[in-house]
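Shown below: coords_29.cif, with mmCIF, C-alpha atoms.
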data_model
#
loop_
_atom_site.label_atom_id
_atom_site.label_comp_id
_atom_site.auth_asym_id
_atom_site.auth_seq_id
_atom_site.Cartn_x
_atom_site.Cartn_y
_atom_site.Cartn_z
CA MET A 1395 10.88 -24.18 17.21
CA ARG A 1396 7.92 -23.46 15.02
CA LEU A 1397 7.86 -19.75 15.61
CA PHE A 1398 11.19 -19.12 14.02
CA ILE A 1399 9.69 -18.50 10.66
CA GLY A 1400 11.94 -17.29 7.94
CA ALA A 1401 15.04 -18.81 9.45
CA SER A 1402 16.80 -21.22 7.18
CA LYS A 1403 15.56 -24.75 7.50
CA GLY A 1404 18.51 -26.45 5.92
CA PRO A 1405 19.39 -26.36 2.25
CA LYS A 1406 16.42 -25.56 0.06
CA ALA A 1407 16.02 -27.17 -3.30
CA LYS A 1408 15.99 -24.09 -5.51
CA VAL A 1409 12.85 -24.21 -7.61
CA ASP A 1410 12.58 -21.81 -10.51
CA TRP A 1411 9.12 -20.45 -9.82
CA ALA A 1412 9.44 -17.88 -12.59
CA ASP A 1413 9.98 -20.68 -15.09
CA LEU A 1414 6.85 -22.47 -13.85
CA ILE A 1415 4.79 -19.28 -14.18
CA GLY A 1416 6.19 -18.90 -17.69
CA ARG A 1417 5.00 -22.39 -18.59
CA VAL A 1418 1.54 -21.60 -17.27
CA ALA A 1419 1.53 -18.46 -19.42
CA SER A 1420 2.84 -20.02 -22.61
CA HIS A 1421 0.77 -23.22 -22.78
CA GLY A 1422 -1.47 -23.51 -19.75
CA ASP A 1423 0.81 -26.11 -18.17
CA ARG A 1424 -1.29 -27.69 -15.42
CA ALA A 1425 1.56 -29.69 -13.92
CA ALA A 1426 3.59 -26.50 -13.52
CA PHE A 1427 0.57 -24.76 -12.00
CA LYS A 1428 0.02 -27.63 -9.57
CA ARG A 1429 3.57 -27.25 -8.28
CA LEU A 1430 3.05 -23.53 -7.82
CA PHE A 1431 -0.26 -24.20 -6.09
CA GLU A 1432 1.14 -26.82 -3.75
CA HIS A 1433 3.96 -24.58 -2.66
CA PHE A 1434 2.28 -21.21 -2.47
CA ALA A 1435 -1.40 -21.79 -1.57
CA PRO A 1436 -0.66 -23.17 1.94
CA ARG A 1437 1.88 -20.41 2.54
CA ILE A 1438 -0.41 -17.64 1.35
CA LYS A 1439 -3.06 -19.00 3.71
CA GLY A 1440 -0.55 -19.10 6.56
CA LEU A 1441 0.73 -15.58 5.95
CA MET A 1442 -2.80 -14.17 5.62
CA GLN A 1443 -3.83 -15.78 8.90
CA ARG A 1444 -0.69 -14.42 10.47
CA ALA A 1445 -1.72 -10.98 9.19
CA GLY A 1446 -5.15 -11.10 10.82
CA CYS A 1447 -7.45 -12.97 8.43
CA SER A 1448 -9.76 -15.71 9.66
CA SER A 1449 -9.07 -19.23 8.43
CA ASP A 1450 -11.95 -18.99 5.94
CA GLU A 1451 -10.82 -15.61 4.65
CA ALA A 1452 -7.24 -16.80 4.32
CA GLU A 1453 -8.40 -19.89 2.42
CA GLU A 1454 -10.48 -17.71 0.08
CA ILE A 1455 -7.54 -15.38 -0.55
CA ALA A 1456 -5.19 -18.30 -1.18
CA GLN A 1457 -7.55 -19.85 -3.74
CA ASN A 1458 -8.34 -16.55 -5.45
CA ALA A 1459 -4.66 -15.63 -5.53
CA MET A 1460 -3.81 -18.86 -7.31
CA ILE A 1461 -6.62 -18.29 -9.81
CA ALA A 1462 -5.12 -14.85 -10.45
CA VAL A 1463 -1.67 -16.42 -10.87
CA TRP A 1464 -3.14 -18.62 -13.61
CA ARG A 1465 -5.01 -15.79 -15.31
CA LYS A 1466 -2.32 -13.15 -15.03
CA ALA A 1467 0.63 -15.45 -15.70
CA SER A 1468 1.28 -13.78 -19.05
CA LEU A 1469 1.60 -10.41 -17.28
CA PHE A 1470 4.37 -11.67 -15.01
CA ASP A 1471 7.73 -10.31 -16.06
CA PRO A 1472 10.62 -12.03 -14.30
CA ALA A 1473 12.88 -9.13 -15.26
CA THR A 1474 10.96 -6.71 -13.07
CA ALA A 1475 9.87 -8.74 -10.05
CA GLY A 1476 10.68 -11.97 -8.26
CA ALA A 1477 8.06 -14.70 -8.65
CA ALA A 1478 7.35 -14.95 -4.92
CA ALA A 1479 7.15 -11.15 -4.62
CA TRP A 1480 4.69 -11.07 -7.52
CA ILE A 1481 2.51 -13.72 -5.89
CA PHE A 1482 2.72 -11.84 -2.60
CA THR A 1483 1.44 -8.64 -4.21
CA ILE A 1484 -1.51 -10.54 -5.71
CA ALA A 1485 -2.46 -11.98 -2.32
CA ARG A 1486 -1.90 -8.64 -0.61
CA ASN A 1487 -4.21 -6.84 -3.06
CA LEU A 1488 -6.88 -9.49 -2.58
CA ARG A 1489 -6.68 -9.01 1.17
CA ILE A 1490 -7.03 -5.23 0.81
CA ASP A 1491 -9.97 -5.81 -1.51
CA LEU A 1492 -11.59 -8.29 0.87
CA PHE A 1493 -11.40 -5.87 3.80
CA ARG A 1494 -12.90 -3.08 1.72
CA ARG A 1495 -15.72 -5.21 0.36
CA ARG A 1496 -16.48 -6.33 3.90
CA ALA A 1497 -16.61 -2.72 5.13
CA ARG A 1498 -18.78 -1.72 2.19
CA ALA A 1499 -21.17 -4.59 2.81
CA ASP A 1500 -21.43 -3.63 6.48
CA ARG A 1501 -22.20 -0.08 5.48
CA LEU A 1502 -24.79 -1.13 2.91
CA ARG A 1503 -26.54 -3.18 5.53
CA ALA A 1504 -26.55 -0.16 7.80
CA ASP A 1505 -27.95 2.10 5.09
CA SER A 1506 -29.80 0.36 2.29
CA GLU A 1507 -30.33 3.70 0.52
CA LEU A 1508 -26.66 4.15 -0.18
CA PRO A 1509 -26.03 4.18 -3.93
CA ASP A 1510 -24.06 1.32 -5.33
CA ALA A 1511 -20.56 2.69 -5.24
CA PRO A 1512 -17.88 1.44 -7.55
CA ASP A 1513 -15.48 -0.98 -5.97
CA PRO A 1514 -11.92 0.23 -6.26
CA ALA A 1515 -10.79 -3.35 -6.71
CA GLU A 1516 -7.29 -2.55 -7.79
CA PRO A 1517 -5.69 -0.45 -5.11
CA ALA A 1518 -3.58 2.54 -5.92
CA ASP A 1519 -0.38 0.54 -5.90
CA ALA A 1520 -1.37 -1.14 -9.15
CA ALA A 1521 -0.20 2.04 -10.80
CA ILE A 1522 3.38 1.69 -9.62
CA SER A 1523 5.71 1.52 -12.52
CA ARG A 1524 8.41 -1.04 -12.18
CA VAL A 1525 11.34 1.25 -12.16
CA GLN A 1526 14.19 -1.05 -11.54
CA ASP A 1527 14.91 -4.60 -12.49
CA ALA A 1528 14.44 -7.40 -10.01
CA ALA A 1529 18.10 -8.38 -10.02
CA ARG A 1530 19.21 -4.95 -8.84
CA ILE A 1531 16.56 -4.82 -6.14
CA GLU A 1532 17.62 -8.28 -5.05
CA ALA A 1533 21.26 -7.21 -4.96
CA ALA A 1534 20.34 -4.20 -2.83
CA ILE A 1535 18.44 -6.35 -0.34
CA LYS A 1536 21.38 -8.73 -0.07
CA GLN A 1537 23.43 -5.84 1.30
CA LEU A 1538 21.23 -5.78 4.38
CA SER A 1539 22.56 -7.90 7.21
CA THR A 1540 20.56 -11.01 8.10
CA GLU A 1541 19.49 -9.30 11.33
CA GLN A 1542 18.27 -6.27 9.42
CA SER A 1543 16.23 -8.12 6.80
CA MET A 1544 14.84 -10.42 9.50
CA VAL A 1545 13.58 -7.56 11.63
CA VAL A 1546 11.93 -5.89 8.61
CA ARG A 1547 10.23 -9.14 7.61
CA LEU A 1548 9.00 -9.87 11.12
CA SER A 1549 7.75 -6.36 11.72
CA PHE A 1550 6.21 -5.37 8.40
CA ILE A 1551 5.37 -8.60 6.61
CA GLU A 1552 4.56 -10.95 9.47
CA GLU A 1553 3.10 -8.03 11.40
CA ARG A 1554 4.59 -9.12 14.70
CA THR A 1555 4.60 -6.85 17.72
CA HIS A 1556 7.85 -5.50 19.08
CA PRO A 1557 7.70 -7.73 22.22
CA GLU A 1558 7.18 -10.76 19.96
CA ILE A 1559 10.13 -9.76 17.80
CA ALA A 1560 12.26 -9.22 20.90
CA SER A 1561 11.53 -12.71 22.14
CA LEU A 1562 11.89 -14.34 18.70
CA LEU A 1563 15.27 -12.77 18.11
CA GLY A 1564 16.40 -12.86 21.73
CA ILE A 1565 17.16 -9.14 21.86
CA PRO A 1566 16.02 -6.49 24.35
CA LEU A 1567 12.71 -4.82 23.55
CA GLY A 1568 14.41 -1.44 23.35
CA THR A 1569 16.70 -2.73 20.62
CA VAL A 1570 13.83 -3.78 18.33
CA LYS A 1571 12.68 -0.29 17.46
CA SER A 1572 16.17 1.03 16.80
CA ARG A 1573 17.06 -2.02 14.73
CA ILE A 1574 13.98 -1.54 12.54
CA ARG A 1575 14.84 2.14 12.16
CA LEU A 1576 18.44 1.35 11.21
CA ALA A 1577 17.37 -1.34 8.75
CA MET A 1578 14.96 1.01 7.00
CA ASN A 1579 17.53 3.80 6.75
CA ARG A 1580 20.14 1.36 5.51
CA LEU A 1581 17.79 0.05 2.82
CA ARG A 1582 16.99 3.60 1.72
CA ASP A 1583 20.72 4.42 1.54
CA ILE A 1584 21.58 1.29 -0.44
CA LEU A 1585 18.81 1.96 -2.93
CA ASP A 1586 19.81 5.62 -3.26
CA GLU A 1587 23.40 4.60 -3.98
CA GLU A 1588 22.21 2.13 -6.59
CA ALA A 1589 20.15 4.76 -8.36
CA MET B 3 9.00 17.29 -11.20
CA THR B 4 11.60 17.36 -8.47
CA ILE B 5 10.30 15.67 -5.37
CA SER B 6 12.08 16.63 -2.19
CA HIS B 7 9.69 15.47 0.54
CA HIS B 8 9.00 11.74 0.82
CA PRO B 9 6.88 9.57 3.11
CA PRO B 10 8.76 8.08 6.06
CA GLU B 11 10.16 4.60 5.38
CA ASP B 12 7.85 2.81 7.80
CA LEU B 13 4.84 4.25 6.01
CA LEU B 14 6.24 3.00 2.68
CA ALA B 15 6.86 -0.44 4.19
CA ASP B 16 3.31 -0.60 5.57
CA PHE B 17 2.10 0.44 2.12
CA ALA B 18 4.07 -2.38 0.48
CA ALA B 19 2.75 -4.85 3.04
CA GLY B 20 -0.83 -3.73 2.37
CA LYS B 21 -1.36 -2.64 5.96
CA LEU B 22 -2.37 0.97 5.47
CA GLU B 23 -5.95 2.01 5.81
CA GLU B 24 -7.62 3.04 2.58
CA ALA B 25 -7.15 6.82 2.70
CA HIS B 26 -3.47 6.49 3.59
CA GLN B 27 -2.98 3.78 0.97
CA LEU B 28 -4.40 6.15 -1.59
CA VAL B 29 -2.19 9.13 -0.71
CA VAL B 30 1.01 7.09 -0.37
CA GLY B 31 0.11 5.19 -3.56
CA VAL B 32 -0.24 8.35 -5.61
CA HIS B 33 3.09 9.62 -4.30
CA VAL B 34 4.82 6.30 -5.05
CA ALA B 35 3.34 6.18 -8.55
CA GLY B 36 5.10 9.45 -9.31
CA CYS B 37 8.31 8.94 -7.34
CA THR B 38 10.89 6.47 -8.63
CA ARG B 39 12.88 6.67 -5.40
CA CYS B 40 9.94 5.53 -3.26
CA ALA B 41 8.78 3.03 -5.90
CA ARG B 42 12.18 1.36 -5.59
CA PHE B 43 11.84 1.20 -1.84
CA VAL B 44 8.38 -0.33 -2.11
CA GLN B 45 9.68 -2.88 -4.61
CA ALA B 46 12.44 -3.84 -2.18
CA ILE B 47 9.92 -4.42 0.61
CA GLU B 48 7.77 -6.47 -1.77
CA GLN B 49 10.82 -8.52 -2.61
CA LEU B 50 11.42 -9.16 1.12
CA ALA B 51 7.73 -10.05 1.43
CA GLY B 52 8.14 -12.55 -1.40
CA ALA B 53 11.04 -14.17 0.43
CA THR B 54 8.92 -14.29 3.59
CA LEU B 55 6.07 -15.93 1.69
CA GLU B 56 8.37 -18.46 0.07
CA ASP B 57 9.81 -19.50 3.45
CA PHE B 58 6.56 -19.30 5.38
CA GLU B 59 5.33 -22.20 7.48
CA PRO B 60 2.57 -23.78 5.33
CA VAL B 61 -0.84 -24.38 6.90
CA PRO B 62 -3.30 -27.05 5.73
CA ILE B 63 -5.66 -25.90 3.01
CA ALA B 64 -9.01 -27.40 2.05
CA PRO B 65 -8.43 -30.90 0.63
CA ASP B 66 -10.38 -30.07 -2.51
CA ALA B 67 -8.86 -26.58 -2.92
CA PHE B 68 -6.85 -27.42 -6.03
CA ASP B 69 -9.81 -29.08 -7.76
CA ARG B 70 -12.05 -26.16 -6.91
CA VAL B 71 -9.53 -23.69 -8.26
CA MET B 72 -9.12 -25.67 -11.48
CA SER B 73 -12.85 -25.96 -11.97
CA ARG B 74 -13.29 -22.22 -11.48
CA ILE B 75 -10.49 -21.60 -13.97
CA ASP B 76 -12.09 -23.95 -16.50
CA ASN B 77 -15.60 -22.59 -16.07
CA SER B 78 -14.88 -18.89 -16.22
CA PRO B 79 -11.69 -18.35 -18.14
CA GLU B 80 -11.87 -14.58 -18.25
CA ASP B 81 -11.70 -12.02 -15.51
CA GLU B 82 -14.61 -9.70 -15.30
CA ALA B 83 -12.61 -6.51 -15.48
CA ALA B 84 -14.10 -3.42 -13.86
CA PRO B 85 -14.43 -0.51 -16.27
CA PRO B 86 -12.39 2.56 -15.36
CA LEU B 87 -14.35 5.32 -13.70
CA ALA B 88 -12.57 8.20 -15.33
CA SER B 89 -14.89 11.00 -16.23
CA ALA B 90 -14.09 13.70 -18.73
CA THR B 91 -13.71 16.36 -16.06
CA ASP B 92 -11.20 14.36 -14.06
CA HIS B 93 -8.66 13.86 -16.82
CA ASP B 94 -6.11 15.92 -14.93
CA LEU B 95 -6.16 13.65 -11.88
CA PRO B 96 -3.48 11.02 -11.30
CA PRO B 97 -4.53 7.61 -12.72
CA ALA B 98 -4.78 6.01 -9.27
CA LEU B 99 -7.44 8.54 -8.32
CA ARG B 100 -9.60 7.93 -11.37
CA LYS B 101 -10.76 4.65 -9.85
CA TYR B 102 -12.57 6.51 -7.11
CA ARG B 103 -15.84 8.32 -7.08
CA ILE B 104 -15.12 11.93 -6.21
CA GLY B 105 -17.84 14.15 -4.82
CA LYS B 106 -18.87 17.63 -5.83
CA ARG B 107 -16.75 20.63 -4.95
CA ARG B 108 -17.73 22.15 -1.63
CA ARG B 109 -16.71 25.64 -0.62
CA ILE B 110 -15.22 25.77 2.86
CA ALA B 111 -14.06 29.35 3.13
CA PRO B 112 -13.16 32.13 0.72
CA GLY B 113 -10.51 30.75 -1.63
CA LEU B 114 -10.83 27.27 -0.24
CA SER B 115 -12.82 24.27 -1.45
CA MET B 116 -12.74 20.52 -1.17
CA ARG B 117 -14.00 17.45 -2.99
CA PRO B 118 -14.56 14.34 -0.86
CA ILE B 119 -13.27 11.03 -2.20
CA GLU B 120 -15.62 8.14 -1.64
CA LEU B 121 -13.91 5.30 0.21
CA SER B 122 -15.23 1.90 1.26
CA GLY B 123 -15.52 2.99 4.87
CA SER B 124 -13.07 0.35 6.10
CA GLY B 125 -10.78 2.90 7.73
CA LYS B 126 -11.07 5.87 10.02
CA ALA B 127 -9.37 8.46 7.84
CA ARG B 128 -11.19 10.58 5.29
CA ALA B 129 -9.69 11.45 1.92
CA PHE B 130 -10.37 14.58 -0.07
CA LEU B 131 -8.97 16.94 -2.64
CA LEU B 132 -8.28 20.36 -1.23
CA ARG B 133 -7.97 23.38 -3.45
CA SER B 134 -6.75 26.66 -2.08
CA ALA B 135 -6.29 29.96 -3.84
CA PRO B 136 -2.82 31.40 -4.46
CA GLY B 137 -1.52 33.25 -1.44
CA SER B 138 -3.98 31.64 1.02
CA ARG B 139 -2.77 31.28 4.54
CA MET B 140 -3.87 28.65 6.97
CA LEU B 141 -4.45 29.69 10.54
CA GLU B 142 -2.06 28.37 13.09
CA HIS B 143 -3.29 24.94 14.02
CA THR B 144 -2.35 21.58 15.40
CA HIS B 145 -3.68 18.19 14.38
CA THR B 146 -5.68 16.03 16.69
CA GLY B 147 -4.93 13.04 14.48
CA THR B 148 -2.64 12.41 11.55
CA GLU B 149 -2.73 14.16 8.24
CA LEU B 150 -1.09 12.94 5.05
CA THR B 151 -0.87 15.52 2.31
CA LEU B 152 0.31 15.14 -1.26
CA VAL B 153 0.67 18.16 -3.49
CA LEU B 154 -0.83 17.61 -6.95
CA GLU B 155 -0.64 21.16 -8.25
CA GLY B 156 0.82 24.45 -7.03
CA SER B 157 2.70 24.64 -3.76
CA PHE B 158 2.61 25.55 -0.10
CA SER B 159 5.29 26.31 2.44
CA HIS B 160 5.58 25.99 6.19
CA GLU B 161 8.29 25.54 8.81
CA GLY B 162 9.22 22.22 7.18
CA GLY B 163 10.03 23.76 3.81
CA ARG B 164 8.40 24.27 0.45
CA PHE B 165 6.11 21.58 -0.91
CA GLY B 166 5.50 21.36 -4.64
CA PRO B 167 3.90 18.77 -6.95
CA GLY B 168 4.66 15.22 -5.81
CA ASP B 169 5.85 16.30 -2.38
CA PHE B 170 4.49 14.47 0.61
CA ASP B 171 3.83 16.07 3.98
CA TYR B 172 3.20 14.17 7.17
CA GLY B 173 1.49 15.99 10.01
CA ASP B 174 0.71 14.57 13.41
CA ASP B 175 -0.42 15.97 16.71
CA GLU B 176 3.05 17.09 17.66
CA ILE B 177 3.46 19.50 14.81
CA GLU B 178 2.17 23.02 14.57
CA HIS B 179 1.51 24.18 11.05
CA ARG B 180 1.00 27.51 9.49
CA PRO B 181 1.20 26.85 5.77
CA VAL B 182 1.11 29.55 3.14
CA VAL B 183 0.02 28.73 -0.39
CA GLY B 184 2.42 29.78 -3.15
CA ASP B 185 1.57 32.69 -5.43
CA GLU B 186 2.10 30.81 -8.70
CA GLY B 187 -1.42 29.40 -8.83
CA PRO B 188 -4.02 27.44 -6.88
CA CYS B 189 -2.71 24.60 -4.75
CA VAL B 190 -4.46 21.26 -5.12
CA CYS B 191 -3.64 18.62 -2.55
CA LEU B 192 -4.74 15.06 -1.93
CA VAL B 193 -5.30 14.76 1.81
CA ALA B 194 -5.95 11.85 4.15
CA MET B 195 -7.02 12.96 7.57
CA THR B 196 -7.91 11.30 10.83
CA GLY B 197 -9.25 13.33 13.68
CA GLY B 198 -9.54 17.01 12.98
CA LEU B 199 -7.70 20.25 13.17
CA ARG B 200 -7.52 22.17 16.38
CA MET B 201 -7.39 25.88 15.78
CA ASN B 202 -5.22 27.87 18.06
CA GLY B 203 -7.38 30.90 18.44
CA PHE B 204 -10.92 32.17 18.65
CA LEU B 205 -11.13 33.29 15.04
CA GLY B 206 -10.01 29.89 13.83
CA ARG B 207 -12.71 28.13 15.79
CA LEU B 208 -15.21 30.57 14.44
CA ILE B 209 -14.49 30.46 10.75
CA GLY B 210 -12.79 27.16 10.21
CA PRO B 211 -9.33 26.16 9.26
CA PHE B 212 -8.53 28.49 6.38
CA VAL B 213 -8.67 32.19 5.73
CA ARG B 214 -7.81 34.14 2.66
CA LEU B 215 -4.90 36.40 3.40
#

Show how you would write the structure in this file as structure tokens.
Amino acid sequence: MRLFIGASKGPKAKVDWADLIGRVASHGDRAAFKRLFEHFAPRIKGLMQRAGCSSDEAEEIAQNAMIAVWRKASLFDPATAGAAAWIFTIARNLRIDLFRRRARADRLRADSELPDAPDPAEPADAAISRVQDAARIEAAIKQLSTEQSMVVRLSFIEERTHPEIASLLGIPLGTVKSRIRLAMNRLRDILDEEA
Amino acid sequence: MTISHHPPEDLLADFAAGKLEEAHQLVVGVHVAGCTRCARFVQAIEQLAGATLEDFEPVPIAPDAFDRVMSRIDNSPEDEAAPPLASATDHDLPPALRKYRIGKRRRIAPGLSMRPIELSGSGKARAFLLRSAPGSRMLEHTHTGTELTLVLEGSFSHEGGRFGPGDFDYGDDEIEHRPVVGDEGPCVCLVAMTGGLRMNGFLGRLIGPFVRL
């Protein structure tokens, strides 16, 4: 059942991705980087395709994201973000950037007189200060039920439609919307209590 | 800065997932940058996204992808970092906004002016800075699209409460607004708008959305 992404596929060997990123940062460890690449590049490509990129675009984002992982490895702070979350944000920002560059190029073609505008390569979210440590965020997320975190992941990260989610989870369509709503409110409440 | 009005959770989740169009991304991003409560929420969604990525079904990548990546790393070790666009006159803007080219101030009505923010054109919404004089009153209106507003300076009030610096207001076509700008000083807002405003009255259609009280 290929579609049931995110469901557990048996026991996972727990790899310490943060440690591998640390080794890339401290001495340019190529073996560590290769392991990161082999795990994440094909998954970044898959997730980007899932989120509406063409195969070529997704491949480009996956490769550029891994280059950024290498270059920015020293900026990664395992105390403030999970390794996979950090890599996700890199890929996400590259996708945002790609869509904007594409739109700008389309517009330039339409109007060659347009002045060369600066490219806001780093989106606004780059300015977010990491306000809480990763362990506490992780603990908060763990308080969500499996059903709740699943519905958030399917809806917001995998960008699936409500009918798709209904069929993936085997729940009525009408339940999907309310379950998303409840999950979001619950997450807000948990985080507010933690604060 | 006490923030009492926040973006709805689904907007924050779309922001974290990178799904918002540019103007909305900008407004939500500036709010989140100044709001620890919403920053935490965004971090939590990013953490869930990381888990999704880690578990995701891999797809085949180009057979030479790793070699190409390593050769690009070896041949250009440094990132070509874009210089910040901050200009001396914009020092009072939030850092996230300094990356954008902001147009000249345009007067819309007495006591009301706006500065357009140049976006890539990838989305439908426009973004602009709106400055209104203390005590201004907006004519009764409804939105034909959505409007995201973030207060940067000053305040305004409407049926939904008082909105001061950092507060986020979400307007859609179901809501009728009649905001009044606070007396303490000019109100500067960052606005993302799709569609337009529909004025409920002849005068409004004639002179535009704002009048000085």

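Using only C-alpha atoms, the chain B residues found within 6 Å of chain A amount to Ala19, Gly20, Leu28, Gly31, Ala35, Ala46, Glu48, Gln49, Ala51, Gly52, Asp57, Phe58, Pro60, Val61, Ile63, Ala98, Lys101, Ser122, Gly123 and Ser124 of chain B.
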
Open item on the list: Translate the PyMOL selection byres ((chain B and resi 150) around 9) into a concrete residue list for this structure, as a ChimeraX atom specification.
Closed with: /B:9,25-26,29-30,148-149,151-152,170-174,192-195

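When CA of Val34 in chain B is paired with CA of Ile104 in chain B, their separation reads 20.8 Å.
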
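Of the residues listed (A:Ala1419, A:Ile1455, A:Ala1529, A:Leu1562), A:Ala1529 shows the shortest atom-to-atom separation from Ala1473 in chain A; distances use all atoms listed in the file.
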
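With CA of Ser138 in chain B on one side and CA of Leu114 in chain B on the other, the separation reads 8.2 Å.
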
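Atom to atom, CA of Asp94 in chain B and CA of Val153 in chain B stand 13.5 Å apart.
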
Determine the residue set returned by the PyMOL selection byres ((chain A and resi 1407-1413) around 9) for the present structure, and present it as a PDB file with C-alpha atoms, in the coordinates of the input.
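Everything below was put into selection03.pdb:
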ATOM      1  CA  PRO A1405      19.390 -26.360   2.250  1.00  0.00           C
ATOM      2  CA  LYS A1406      16.420 -25.560   0.060  1.00  0.00           C
ATOM      3  CA  LEU A1414       6.850 -22.470 -13.850  1.00  0.00           C
ATOM      4  CA  ILE A1415       4.790 -19.280 -14.180  1.00  0.00           C
ATOM      5  CA  GLY A1416       6.190 -18.900 -17.690  1.00  0.00           C
ATOM      6  CA  ARG A1417       5.000 -22.390 -18.590  1.00  0.00           C
ATOM      7  CA  VAL A1418       1.540 -21.600 -17.270  1.00  0.00           C
ATOM      8  CA  ALA A1426       3.590 -26.500 -13.520  1.00  0.00           C
ATOM      9  CA  ARG A1429       3.570 -27.250  -8.280  1.00  0.00           C
ATOM     10  CA  LEU A1430       3.050 -23.530  -7.820  1.00  0.00           C
ATOM     11  CA  PHE A1470       4.370 -11.670 -15.010  1.00  0.00           C
ATOM     12  CA  ASP A1471       7.730 -10.310 -16.060  1.00  0.00           C
ATOM     13  CA  PRO A1472      10.620 -12.030 -14.300  1.00  0.00           C
ATOM     14  CA  GLY A1476      10.680 -11.970  -8.260  1.00  0.00           C
ATOM     15  CA  ALA A1477       8.060 -14.700  -8.650  1.00  0.00           C
ATOM     16  CA  ALA A1478       7.350 -14.950  -4.920  1.00  0.00           C
TER      17      ALA A1478
END

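Using all atoms listed in the file, the smallest distance between any of B:Thr4, B:Arg133, B:Gly125, B:Cys189 and Ile110 in chain B comes from B:Arg133.
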
- [ ] Identify the residues around (6.9, 24.2, -3.8) within a radius of 9 Å, measuring from only C-alpha atoms in the coordinates stated by the file, and give them as a PyMOL selection string.
- [x] chain B and resi 153+156-159+163-167+169+183-184

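Distances to Asp1423 in chain A were evaluated for A:Ala1467, A:Glu1558, A:Glu1541, A:Glu1451 using only C-alpha atoms, and the minimum falls at A:Ala1467.
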
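Ranking B:Arg103, B:Gly168, B:Glu155, B:Glu186 by their shortest atom-to-atom distance to Cys37 in chain B, with only C-alpha atoms included, puts B:Gly168 first.
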
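Using all atoms listed in the file, the protein and nucleic acid residues lying no more than 12 Å from range 105-107 of chain B, apart from those fewer than 4 places from it along its own chain, are A:Ala1511, B:Thr91, B:Asp92, B:Leu114, B:Ser115, B:Met116, B:Arg117, B:Pro118, B:Ile119, B:Glu120, B:Leu121, B:Ala129, B:Phe130, B:Leu131, B:Leu132, B:Arg133.
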